[in-house]
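Participant: As input, take my_file29.txt (compact mmCIF, C-alpha atoms):
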# COMPACT_ATOMS: atom_id res chain seq x y z
CA MET A 1 -146.84 111.94 100.62
CA LYS A 2 -146.18 109.46 103.43
CA ILE A 3 -146.14 110.87 106.98
CA VAL A 4 -145.43 108.93 110.17
CA LEU A 5 -147.68 109.85 113.09
CA ALA A 6 -145.65 109.34 116.26
CA THR A 7 -148.39 107.85 118.41
CA LYS A 8 -149.47 104.42 119.58
CA ASN A 9 -153.05 105.63 120.02
CA LYS A 10 -155.26 104.40 117.16
CA GLY A 11 -158.10 106.83 117.91
CA LYS A 12 -155.72 109.73 117.63
CA ALA A 13 -154.36 108.40 114.33
CA ALA A 14 -157.90 108.18 112.92
CA GLU A 15 -158.63 111.77 114.01
CA PHE A 16 -155.50 113.07 112.26
CA ALA A 17 -156.26 111.09 109.10
CA SER A 18 -159.84 112.33 108.87
CA ILE A 19 -158.78 115.99 109.09
CA LEU A 20 -155.61 115.88 106.99
CA GLY A 21 -157.40 114.16 104.11
CA ASP A 22 -156.22 111.53 101.67
CA LYS A 23 -153.56 113.67 100.01
CA PHE A 24 -151.35 112.25 102.77
CA GLU A 25 -150.76 108.65 103.66
CA LEU A 26 -150.53 108.63 107.45
CA ILE A 27 -148.74 105.63 108.87
CA THR A 28 -148.47 104.82 112.56
CA GLN A 29 -145.25 104.60 114.52
CA ALA A 30 -145.62 100.80 114.60
CA GLU A 31 -145.99 100.70 110.81
CA SER A 32 -142.79 102.71 110.48
CA GLY A 33 -141.00 99.88 112.33
CA ILE A 34 -139.96 101.98 115.35
CA THR A 35 -140.89 100.53 118.72
CA GLU A 36 -139.01 102.90 121.06
CA SER A 37 -140.18 106.44 121.77
CA ALA A 38 -138.32 109.64 122.61
CA GLU A 39 -137.86 110.73 126.19
CA GLU A 40 -140.32 113.59 126.72
CA ASN A 41 -138.09 115.74 128.86
CA GLY A 42 -138.84 119.11 127.27
CA THR A 43 -140.07 122.04 129.33
CA THR A 44 -142.72 123.04 126.76
CA TYR A 45 -145.32 121.25 124.63
CA ALA A 46 -143.55 122.62 121.54
CA GLU A 47 -140.28 121.02 122.59
CA ASN A 48 -141.88 117.69 123.55
CA SER A 49 -143.78 117.39 120.26
CA ARG A 50 -140.54 118.25 118.45
CA LEU A 51 -138.52 115.65 120.41
CA LYS A 52 -141.07 112.91 119.70
CA ALA A 53 -141.22 113.63 115.96
CA LYS A 54 -137.49 114.15 115.53
CA PHE A 55 -136.69 110.86 117.27
CA ILE A 56 -138.60 108.90 114.62
CA PHE A 57 -137.58 111.13 111.70
CA GLU A 58 -133.92 110.50 112.52
CA LYS A 59 -134.44 106.73 112.49
CA THR A 60 -136.67 106.48 109.42
CA GLY A 61 -135.92 109.57 107.29
CA LEU A 62 -139.69 109.89 106.81
CA PRO A 63 -141.61 113.12 107.52
CA THR A 64 -142.93 112.60 111.05
CA MET A 65 -145.68 114.34 113.00
CA ALA A 66 -146.12 114.26 116.79
CA ASP A 67 -148.38 116.04 119.23
CA ASP A 68 -148.11 117.04 122.86
CA SER A 69 -150.80 118.57 124.98
CA GLY A 70 -151.71 119.61 128.47
CA LEU A 71 -154.02 121.46 130.82
CA GLU A 72 -153.17 124.89 132.21
CA CYS A 73 -154.92 126.48 135.19
CA ASP A 74 -154.66 130.24 135.66
CA ALA A 75 -154.77 130.01 139.46
CA LEU A 76 -151.85 127.54 139.36
CA ASP A 77 -149.65 129.69 137.10
CA GLY A 78 -150.20 127.32 134.18
CA ALA A 79 -149.78 124.03 136.08
CA PRO A 80 -150.05 121.11 135.51
CA GLY A 81 -148.77 122.08 132.00
CA VAL A 82 -146.19 119.62 130.64
CA TYR A 83 -146.80 117.52 133.76
CA THR A 84 -150.50 117.05 132.97
CA ALA A 85 -150.29 113.28 132.46
CA ARG A 86 -148.15 112.75 135.57
CA PHE A 87 -149.51 115.49 137.84
CA ALA A 88 -150.10 113.05 140.70
CA GLY A 89 -146.54 111.74 140.40
CA GLU A 90 -145.12 108.30 139.66
CA GLY A 91 -147.86 105.87 138.59
CA ALA A 92 -150.41 108.67 138.15
CA THR A 93 -153.81 107.69 136.71
CA ASP A 94 -156.67 109.82 135.37
CA SER A 95 -158.32 109.39 138.75
CA THR A 96 -155.37 110.37 140.96
CA ASN A 97 -154.55 113.30 138.64
CA ILE A 98 -158.11 114.64 139.01
CA ASP A 99 -158.00 114.13 142.79
CA LYS A 100 -154.80 116.16 142.95
CA LEU A 101 -156.16 118.94 140.72
CA LEU A 102 -159.34 119.33 142.78
CA ALA A 103 -157.27 119.26 145.97
CA VAL A 104 -154.78 121.94 144.91
CA LEU A 105 -157.51 124.19 143.50
CA ASP A 106 -159.54 123.55 146.65
CA GLU A 107 -161.80 126.59 147.33
CA GLU A 108 -159.99 128.75 144.74
CA GLU A 109 -162.50 131.08 143.04
CA ASN A 110 -160.53 131.42 139.80
CA ARG A 111 -161.26 128.14 137.98
CA LYS A 112 -160.17 129.36 134.53
CA ALA A 113 -158.18 126.81 132.56
CA ARG A 114 -157.39 125.72 129.04
CA PHE A 115 -156.33 122.64 127.15
CA VAL A 116 -153.43 123.29 124.79
CA ALA A 117 -152.20 121.04 121.96
CA HIS A 118 -149.03 121.44 119.92
CA ILE A 119 -148.14 119.50 116.77
CA THR A 120 -144.76 119.40 115.06
CA LEU A 121 -144.07 117.95 111.62
CA VAL A 122 -140.35 117.25 111.18
CA MET A 123 -139.04 116.98 107.63
CA GLU A 124 -135.58 117.03 106.09
CA ASN A 125 -135.02 120.76 105.75
CA TYR A 126 -137.54 122.32 108.06
CA GLU A 127 -140.31 121.75 110.58
CA ILE A 128 -143.91 122.92 110.70
CA HIS A 129 -145.38 123.70 114.08
CA CYS A 130 -148.91 124.62 115.13
CA GLU A 131 -151.04 124.85 118.24
CA GLY A 132 -154.67 124.86 119.30
CA THR A 133 -156.40 125.77 122.57
CA LEU A 134 -159.74 125.08 124.24
CA ASP A 135 -160.67 127.58 126.96
CA GLY A 136 -162.89 126.63 129.86
CA GLU A 137 -163.03 126.12 133.60
CA ILE A 138 -162.47 123.46 136.22
CA THR A 139 -165.51 122.19 138.13
CA ARG A 140 -165.58 121.50 141.89
CA GLY A 141 -166.31 117.81 141.35
CA ARG A 142 -166.49 115.11 138.68
CA ARG A 143 -169.38 115.06 136.20
CA GLY A 144 -169.92 112.58 133.34
CA THR A 145 -168.33 109.35 132.22
CA ASN A 146 -167.27 109.88 128.57
CA GLY A 147 -163.73 110.59 127.49
CA PHE A 148 -160.57 110.34 129.53
CA GLY A 149 -158.00 112.44 131.38
CA TYR A 150 -159.42 115.57 132.99
CA ASP A 151 -162.62 115.48 130.89
CA PRO A 152 -164.94 114.99 133.95
CA VAL A 153 -163.77 118.25 135.55
CA PHE A 154 -163.45 120.55 132.50
CA ILE A 155 -166.33 122.68 131.16
CA PRO A 156 -165.54 124.29 127.78
CA GLU A 157 -166.37 127.98 127.38
CA GLY A 158 -169.91 128.43 126.02
CA TYR A 159 -171.11 125.07 127.40
CA ASP A 160 -172.63 124.01 130.72
CA LYS A 161 -171.51 120.40 130.55
CA THR A 162 -168.11 118.88 131.22
CA LEU A 163 -166.23 117.23 128.35
CA ALA A 164 -167.17 113.90 129.94
CA GLU A 165 -170.88 114.82 129.67
CA LEU A 166 -170.65 115.97 126.04
CA ASP A 167 -171.00 113.62 123.05
CA ASP A 168 -167.74 112.55 121.44
CA GLU A 169 -168.84 114.29 118.27
CA VAL A 170 -169.25 117.64 120.02
CA LYS A 171 -166.08 117.19 122.04
CA ASN A 172 -164.00 116.32 118.98
CA SER A 173 -165.37 119.27 117.03
CA ILE A 174 -164.17 121.81 119.61
CA SER A 175 -161.03 120.12 120.92
CA HIS A 176 -157.64 121.81 121.21
CA ARG A 177 -156.11 118.98 119.20
CA ARG A 178 -158.63 119.39 116.41
CA LYS A 179 -157.80 123.08 116.14
CA ALA A 180 -154.09 122.27 115.93
CA ILE A 181 -154.64 119.55 113.31
CA GLU A 182 -156.75 121.93 111.23
CA LYS A 183 -153.88 124.43 111.24
CA MET A 184 -151.50 121.67 110.19
CA GLN A 185 -153.87 120.84 107.35
CA LYS A 186 -153.74 124.50 106.32
CA ALA A 187 -149.92 124.42 106.38
CA LEU A 188 -149.82 121.24 104.31
CA SER A 189 -152.20 122.68 101.75
CA ASP A 190 -149.98 125.81 101.48
CA LEU A 191 -146.93 123.62 100.88
CA ASN A 192 -146.11 122.51 97.41
CA LEU A 193 -144.57 119.22 98.48
CA ASN A 194 -143.48 116.74 95.88
CA VAL A 195 -142.62 113.88 98.18
CA MET B 196 -144.83 139.23 101.46
CA LYS B 197 -143.65 141.39 104.35
CA ILE B 198 -141.67 139.63 107.11
CA VAL B 199 -140.33 141.23 110.29
CA LEU B 200 -136.85 140.10 111.25
CA ALA B 201 -136.62 140.22 115.05
CA THR B 202 -133.10 141.58 115.34
CA LYS B 203 -131.43 144.91 116.00
CA ASN B 204 -128.29 143.77 114.15
CA LYS B 205 -128.12 145.32 110.66
CA GLY B 206 -125.43 142.93 109.41
CA LYS B 207 -127.66 139.99 110.28
CA ALA B 208 -130.62 141.61 108.53
CA ALA B 209 -128.55 142.07 105.35
CA GLU B 210 -127.45 138.41 105.46
CA PHE B 211 -131.06 137.20 105.73
CA ALA B 212 -132.19 139.51 102.93
CA SER B 213 -129.45 138.40 100.53
CA ILE B 214 -130.31 134.70 100.97
CA LEU B 215 -134.11 134.94 101.14
CA GLY B 216 -134.27 136.99 97.92
CA ASP B 217 -136.55 139.81 96.90
CA LYS B 218 -139.76 137.78 96.88
CA PHE B 219 -139.91 138.83 100.55
CA GLU B 220 -139.76 142.31 101.97
CA LEU B 221 -137.75 141.94 105.16
CA ILE B 222 -138.29 144.73 107.64
CA THR B 223 -136.33 145.18 110.86
CA GLN B 224 -137.81 145.08 114.33
CA ALA B 225 -137.33 148.87 114.55
CA GLU B 226 -139.22 149.36 111.28
CA SER B 227 -142.10 147.30 112.69
CA GLY B 228 -142.38 149.87 115.49
CA ILE B 229 -141.54 147.47 118.33
CA THR B 230 -138.79 148.61 120.66
CA GLU B 231 -139.04 145.97 123.41
CA SER B 232 -137.79 142.40 122.95
CA ALA B 233 -138.92 139.09 124.40
CA GLU B 234 -137.25 137.63 127.45
CA GLU B 235 -135.04 134.81 126.16
CA ASN B 236 -135.70 132.39 129.00
CA GLY B 237 -136.10 129.22 126.94
CA THR B 238 -134.02 126.12 127.59
CA THR B 239 -133.38 125.48 123.89
CA TYR B 240 -132.45 127.54 120.83
CA ALA B 241 -135.71 126.43 119.23
CA GLU B 242 -137.72 127.82 122.14
CA ASN B 243 -135.75 131.08 122.30
CA SER B 244 -136.11 131.77 118.59
CA ARG B 245 -139.82 130.99 118.91
CA LEU B 246 -140.24 133.31 121.93
CA LYS B 247 -138.50 136.19 120.14
CA ALA B 248 -140.54 135.84 116.95
CA LYS B 249 -143.86 135.26 118.73
CA PHE B 250 -143.39 138.35 120.91
CA ILE B 251 -143.31 140.60 117.85
CA PHE B 252 -145.91 138.64 115.87
CA GLU B 253 -148.38 139.07 118.73
CA LYS B 254 -147.86 142.84 118.76
CA THR B 255 -147.81 143.47 115.00
CA GLY B 256 -149.77 140.59 113.43
CA LEU B 257 -146.98 140.42 110.82
CA PRO B 258 -145.12 137.21 109.95
CA THR B 259 -141.98 137.41 112.09
CA MET B 260 -138.67 135.57 111.91
CA ALA B 261 -136.11 135.28 114.71
CA ASP B 262 -132.91 133.33 115.21
CA ASP B 263 -131.06 131.97 118.19
CA SER B 264 -127.68 130.33 118.19
CA GLY B 265 -124.94 128.99 120.40
CA LEU B 266 -121.77 126.97 120.76
CA GLU B 267 -121.78 123.39 122.05
CA CYS B 268 -118.69 121.55 123.29
CA ASP B 269 -118.77 117.75 123.45
CA ALA B 270 -116.48 117.61 126.49
CA LEU B 271 -118.82 119.98 128.34
CA ASP B 272 -122.01 118.02 127.59
CA GLY B 273 -123.15 120.70 125.14
CA ALA B 274 -122.26 123.77 127.23
CA PRO B 275 -122.27 126.72 126.90
CA GLY B 276 -125.39 126.09 124.71
CA VAL B 277 -128.18 128.60 125.35
CA TYR B 278 -125.81 130.38 127.74
CA THR B 279 -123.22 131.03 124.98
CA ALA B 280 -123.55 134.83 125.05
CA ARG B 281 -123.48 134.99 128.87
CA PHE B 282 -121.17 132.07 129.65
CA ALA B 283 -118.92 134.23 131.85
CA GLY B 284 -121.94 135.48 133.83
CA GLU B 285 -123.40 138.94 134.38
CA GLY B 286 -121.71 141.53 132.16
CA ALA B 287 -119.99 138.86 130.04
CA THR B 288 -118.01 140.08 126.99
CA ASP B 289 -116.54 138.16 124.04
CA SER B 290 -113.23 138.30 125.85
CA THR B 291 -114.40 137.02 129.25
CA ASN B 292 -116.49 134.31 127.57
CA ILE B 293 -113.45 133.02 125.67
CA ASP B 294 -111.33 133.17 128.84
CA LYS B 295 -113.91 131.05 130.64
CA LEU B 296 -114.21 128.54 127.77
CA LEU B 297 -110.43 128.02 127.56
CA ALA B 298 -110.26 127.71 131.34
CA VAL B 299 -113.00 125.09 131.68
CA LEU B 300 -111.69 123.07 128.73
CA ASP B 301 -108.17 123.43 130.16
CA GLU B 302 -106.07 120.41 129.10
CA GLU B 303 -109.12 118.46 127.87
CA GLU B 304 -108.14 116.38 124.80
CA ASN B 305 -111.65 116.32 123.29
CA ARG B 306 -111.97 119.78 121.70
CA LYS B 307 -114.90 118.88 119.43
CA ALA B 308 -117.57 121.57 119.24
CA ARG B 309 -120.21 122.99 116.96
CA PHE B 310 -122.06 126.21 116.34
CA VAL B 311 -125.82 125.73 116.06
CA ALA B 312 -128.39 128.21 114.70
CA HIS B 313 -132.17 127.92 114.86
CA ILE B 314 -134.64 130.14 113.02
CA THR B 315 -138.39 130.30 113.61
CA LEU B 316 -140.89 132.07 111.37
CA VAL B 317 -144.15 132.70 113.26
CA MET B 318 -147.28 133.27 111.16
CA GLU B 319 -150.99 133.27 111.92
CA ASN B 320 -151.75 129.57 111.60
CA TYR B 321 -148.41 127.86 111.85
CA GLU B 322 -144.69 128.27 112.33
CA ILE B 323 -141.72 127.20 110.22
CA HIS B 324 -138.59 126.14 112.03
CA CYS B 325 -135.13 125.23 110.75
CA GLU B 326 -131.61 124.76 111.99
CA GLY B 327 -128.04 124.76 110.74
CA THR B 328 -124.77 123.58 112.29
CA LEU B 329 -121.07 124.18 111.78
CA ASP B 330 -118.82 121.44 113.19
CA GLY B 331 -115.30 122.17 114.34
CA GLU B 332 -113.01 122.28 117.33
CA ILE B 333 -111.83 124.65 120.03
CA THR B 334 -108.20 125.81 119.93
CA ARG B 335 -105.96 126.13 122.99
CA GLY B 336 -105.52 129.87 122.51
CA ARG B 337 -106.83 132.84 120.51
CA ARG B 338 -105.91 133.23 116.82
CA GLY B 339 -107.03 135.99 114.45
CA THR B 340 -108.88 139.26 114.78
CA ASN B 341 -111.87 139.09 112.40
CA GLY B 342 -115.41 138.37 113.51
CA PHE B 343 -116.78 138.34 117.03
CA GLY B 344 -117.89 135.99 119.79
CA TYR B 345 -115.93 132.75 119.95
CA ASP B 346 -114.51 133.13 116.41
CA PRO B 347 -110.84 133.38 117.58
CA VAL B 348 -110.97 129.93 119.24
CA PHE B 349 -113.10 127.94 116.73
CA ILE B 350 -111.60 126.05 113.76
CA PRO B 351 -114.27 124.77 111.34
CA GLU B 352 -113.95 121.17 110.18
CA GLY B 353 -111.88 120.95 106.99
CA TYR B 354 -109.99 124.19 107.73
CA ASP B 355 -106.78 124.94 109.64
CA LYS B 356 -107.66 128.52 110.49
CA THR B 357 -109.98 129.88 113.16
CA LEU B 358 -113.11 131.74 112.10
CA ALA B 359 -111.30 134.92 113.17
CA GLU B 360 -108.48 134.14 110.70
CA LEU B 361 -110.81 133.37 107.78
CA ASP B 362 -112.17 136.01 105.40
CA ASP B 363 -115.71 137.16 106.10
CA GLU B 364 -116.72 135.77 102.73
CA VAL B 365 -115.49 132.27 103.57
CA LYS B 366 -116.88 132.44 107.09
CA ASN B 367 -120.32 133.55 105.91
CA SER B 368 -120.46 130.85 103.24
CA ILE B 369 -120.03 128.03 105.78
CA SER B 370 -121.77 129.49 108.82
CA HIS B 371 -124.42 127.68 110.87
CA ARG B 372 -126.73 130.66 110.41
CA ARG B 373 -126.30 130.61 106.64
CA LYS B 374 -127.27 126.93 106.54
CA ALA B 375 -130.37 127.65 108.61
CA ILE B 376 -131.36 130.63 106.44
CA GLU B 377 -130.92 128.53 103.29
CA LYS B 378 -133.33 125.96 104.72
CA MET B 379 -135.80 128.73 105.53
CA GLN B 380 -135.48 129.92 101.94
CA LYS B 381 -136.31 126.38 100.83
CA ALA B 382 -139.38 126.34 103.09
CA LEU B 383 -140.57 129.70 101.80
CA SER B 384 -140.16 128.59 98.21
CA ASP B 385 -142.22 125.45 98.99
CA LEU B 386 -144.96 127.59 100.49
CA ASN B 387 -147.62 129.02 98.27
CA LEU B 388 -148.16 132.13 100.36
CA ASN B 389 -150.49 134.81 99.14
CA VAL B 390 -149.79 137.41 101.76
Rewrite the coordinates I just gave you, this time as C-alpha cells.

Facilitator:
Amino acid sequence: MKIVLATKNKGKAAEFASILGDKFELITQAESGITESAEENGTTYAENSRLKAKFIFEKTGLPTMADDSGLECDALDGAPGVYTARFAGEGATDSTNIDKLLAVLDEEENRKARFVAHITLVMENYEIHCEGTLDGEITRGRRGTNGFGYDPVFIPEGYDKTLAELDDEVKNSISHRRKAIEKMQKALSDLNLNV
Amino acid sequence: MKIVLATKNKGKAAEFASILGDKFELITQAESGITESAEENGTTYAENSRLKAKFIFEKTGLPTMADDSGLECDALDGAPGVYTARFAGEGATDSTNIDKLLAVLDEEENRKARFVAHITLVMENYEIHCEGTLDGEITRGRRGTNGFGYDPVFIPEGYDKTLAELDDEVKNSISHRRKAIEKMQKALSDLNLNV
C-alpha cells in the first residue's frame, strides 16, 4: 500500500518508514507531485495534522499521513501548544523561541512540561488518528548541542540530561513522535487493507 | 466487541445499531454508567466528536463513539457550523434558530447549504474518524412538520421537498449521519479487532 507522508523533512520520513515497516511504501510529499502545503490554522494538533494530510489526499487521492506536534507547559496552561514553532512570533527561530520560553517561565517553580505528537492518516472513507507524549521538565538554562527546537531545555522524565545532551538513538527511542508512529503501526496492522 | 455510543438520544442509538450490525454490542452512555458529558468547546465537528468520545473513553476504558453535526450555508461562510444548535443564542430552540437563519439569509440569492456529520471512535491506541454530508439549499420559509432542527427549511439536492416534508425512511436513507455511520461500518469491517 502506497502512503504519502506530508512532510518535507527527510529525517522524519526515514523515522516513519523504519517503524511502519515495508508492508507500506511511504512516499514523500515531493514524490507525490504536490509542492504547496495546507495552511496550519487549526487550534489543536489533531486538527492541524488532519488539515495537512487532507490537503494532499484531496489533490492526489492517495492515503496521506501527516503529523503535528508541540510543547505544553503546565505553568503556562499548555502554552506554547500549537504555537510551539512560532512562540517568539514572526520569524521565530529555535533560539528566540527558547529565549521566550525561559523568560516567561522565569522563576516559576512548576517546570513540568510535555511534548505531544499527533498523526492523522486520511483515506477515502475514514481517517486514523493517534497521539504520543513525552513527559518531562523545562530547565533554567540551555544544556547540550544535539537535536533542534526546545531540545536544549527539556529533560525527559527518568533522565537527568536534556534531549540535546542525549544520543539521537536514546532520544528517538523515547520521543513523542515515535510513540505516535508506533500506535499508527498498530492501527495499520489491525487493518485489513487491500490497497 | 462492546462500544459505548456517547449520546442520550435513543433514536440515534437505534440508527447506529441498525447500520453497524450485530458484530458490535452498542451500549448507551447511560448504560456505561457515565452521567456527565464533555464540554463541546471545539472549533470543528471533528474536534467536538473527539472530545465527547474521549471524555467517556477516559472514564470507562471502553471503545467509545460520538458524533457531531451541523449546517453550513455558503452565503454565510459556513455558518452556523459548530454553532448550529445554538445559533439563536442562549436558550435557542429549533424555532428561534430557524427564525434567525431565515433572517440572516434574508433576500440572499445563494441558498446553497449542507448538513455535515462527523463521527469519532476513540480506542486505546488510535481513533477512527469519518464524515458524511448532505448537500441542499435553504428555503425562504418553513415547509412540513416531520423531523426536527432545520428540517423544515432544508431541501436536499435532487428533491423538491424539505426534510420535514419527506418520510422518515427517505430522510434517514440520505442523511449526512447515515453516510458517516456507513463509513464507520466500513472502517470496522476493515479492522481485525479482537476485543

Participant: Quick one: everything within 7 Å of Phe349 in chain B, counting only C-alpha atoms, minus sequence neighbours fewer than 6 positions away in the same chain. Send it as a PyMOL selection string.

Facilitator: chain B and resi 331-334+357-358

Participant: Could you give me, as a VMD selection string, the residues that have an atom at most 9 Å away from the point (-154.5, 125.9, 114.5) in the coordinates of the file, using all atoms listed in the file?

Facilitator: (chain A and resid 118 130 to 133 176 to 186) or (chain B and resid 319 to 321)

Participant: Which is closer to chain A than all the others in B:Thr202, B:Thr223, B:Ser384, B:Ser370, using all atoms listed in the file?

Facilitator: B:Ser384

Participant: Of the candidates B:Asp294, B:Asp289, B:Glu322, B:Asp269, which one gets nearest to chain A if we count only C-alpha atoms?

Facilitator: B:Glu322

Participant: Tell me, in Å to one decimal, how far CA of Glu58 in chain A is from CA of Glu235 in chain B.

Facilitator: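 Here the two named atoms are 27.9 Å from each other.
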
Participant: May I have the residues within 12 Å of Lys307 in chain B as a ChimeraX atom specification, using all atoms listed in the file and disregarding those fewer than 2 positions away in the same chain?

Facilitator: /B:266-274,300,303-305,309-310,329-334,348-352

Participant: Fewer than 6 positions away in the same chain doesn't count, so skip those; otherwise give me all residues within 12 Å of Gly33 in chain A, counting only C-alpha atoms, as a list of chain:residue names.

Facilitator: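 Using only C-alpha atoms, the neighbours found are A:Val4, A:Ala6, A:Ile27, A:Ile56, A:Phe57, A:Lys59, A:Thr60, A:Leu62.
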
Participant: Give me a file of those residues, with C-alpha atoms, as a short mmCIF file (atom, residue, chain, number, x, y, z; two decimals), in the frame of the given file.

Facilitator:
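What ended up in selection-v2.cif:
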data_model
loop_
_atom_site.label_atom_id
_atom_site.label_comp_id
_atom_site.auth_asym_id
_atom_site.auth_seq_id
_atom_site.Cartn_x
_atom_site.Cartn_y
_atom_site.Cartn_z
CA VAL A 4 -145.43 108.93 110.17
CA ALA A 6 -145.65 109.34 116.26
CA ILE A 27 -148.74 105.63 108.87
CA ILE A 56 -138.60 108.90 114.62
CA PHE A 57 -137.58 111.13 111.70
CA LYS A 59 -134.44 106.73 112.49
CA THR A 60 -136.67 106.48 109.42
CA LEU A 62 -139.69 109.89 106.81
#

Participant: Check the smallest atom-to-atom distance from each of A:Glu31, A:Asp22, A:Glu47, A:Glu39 to chain B using only C-alpha atoms, then report the winner.

Facilitator: A:Glu47

Participant: When you draw a straight line from CA of Gly21 in chain A to CA of Tyr150 in chain A, how long is it in Å?

Facilitator: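 Computed distance, CA of Gly21 in chain A to CA of Tyr150 in chain A, equals 29.0 Å.
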
Participant: Counting only C-alpha atoms, figure out which residue out of A:Ala113, A:Val122, A:Lys54, A:Leu5 gets nearest to Leu20 in chain A.

Facilitator: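 Among A:Ala113, A:Val122, A:Lys54, A:Leu5, it is A:Leu5 that comes nearest to Leu20 in chain A.
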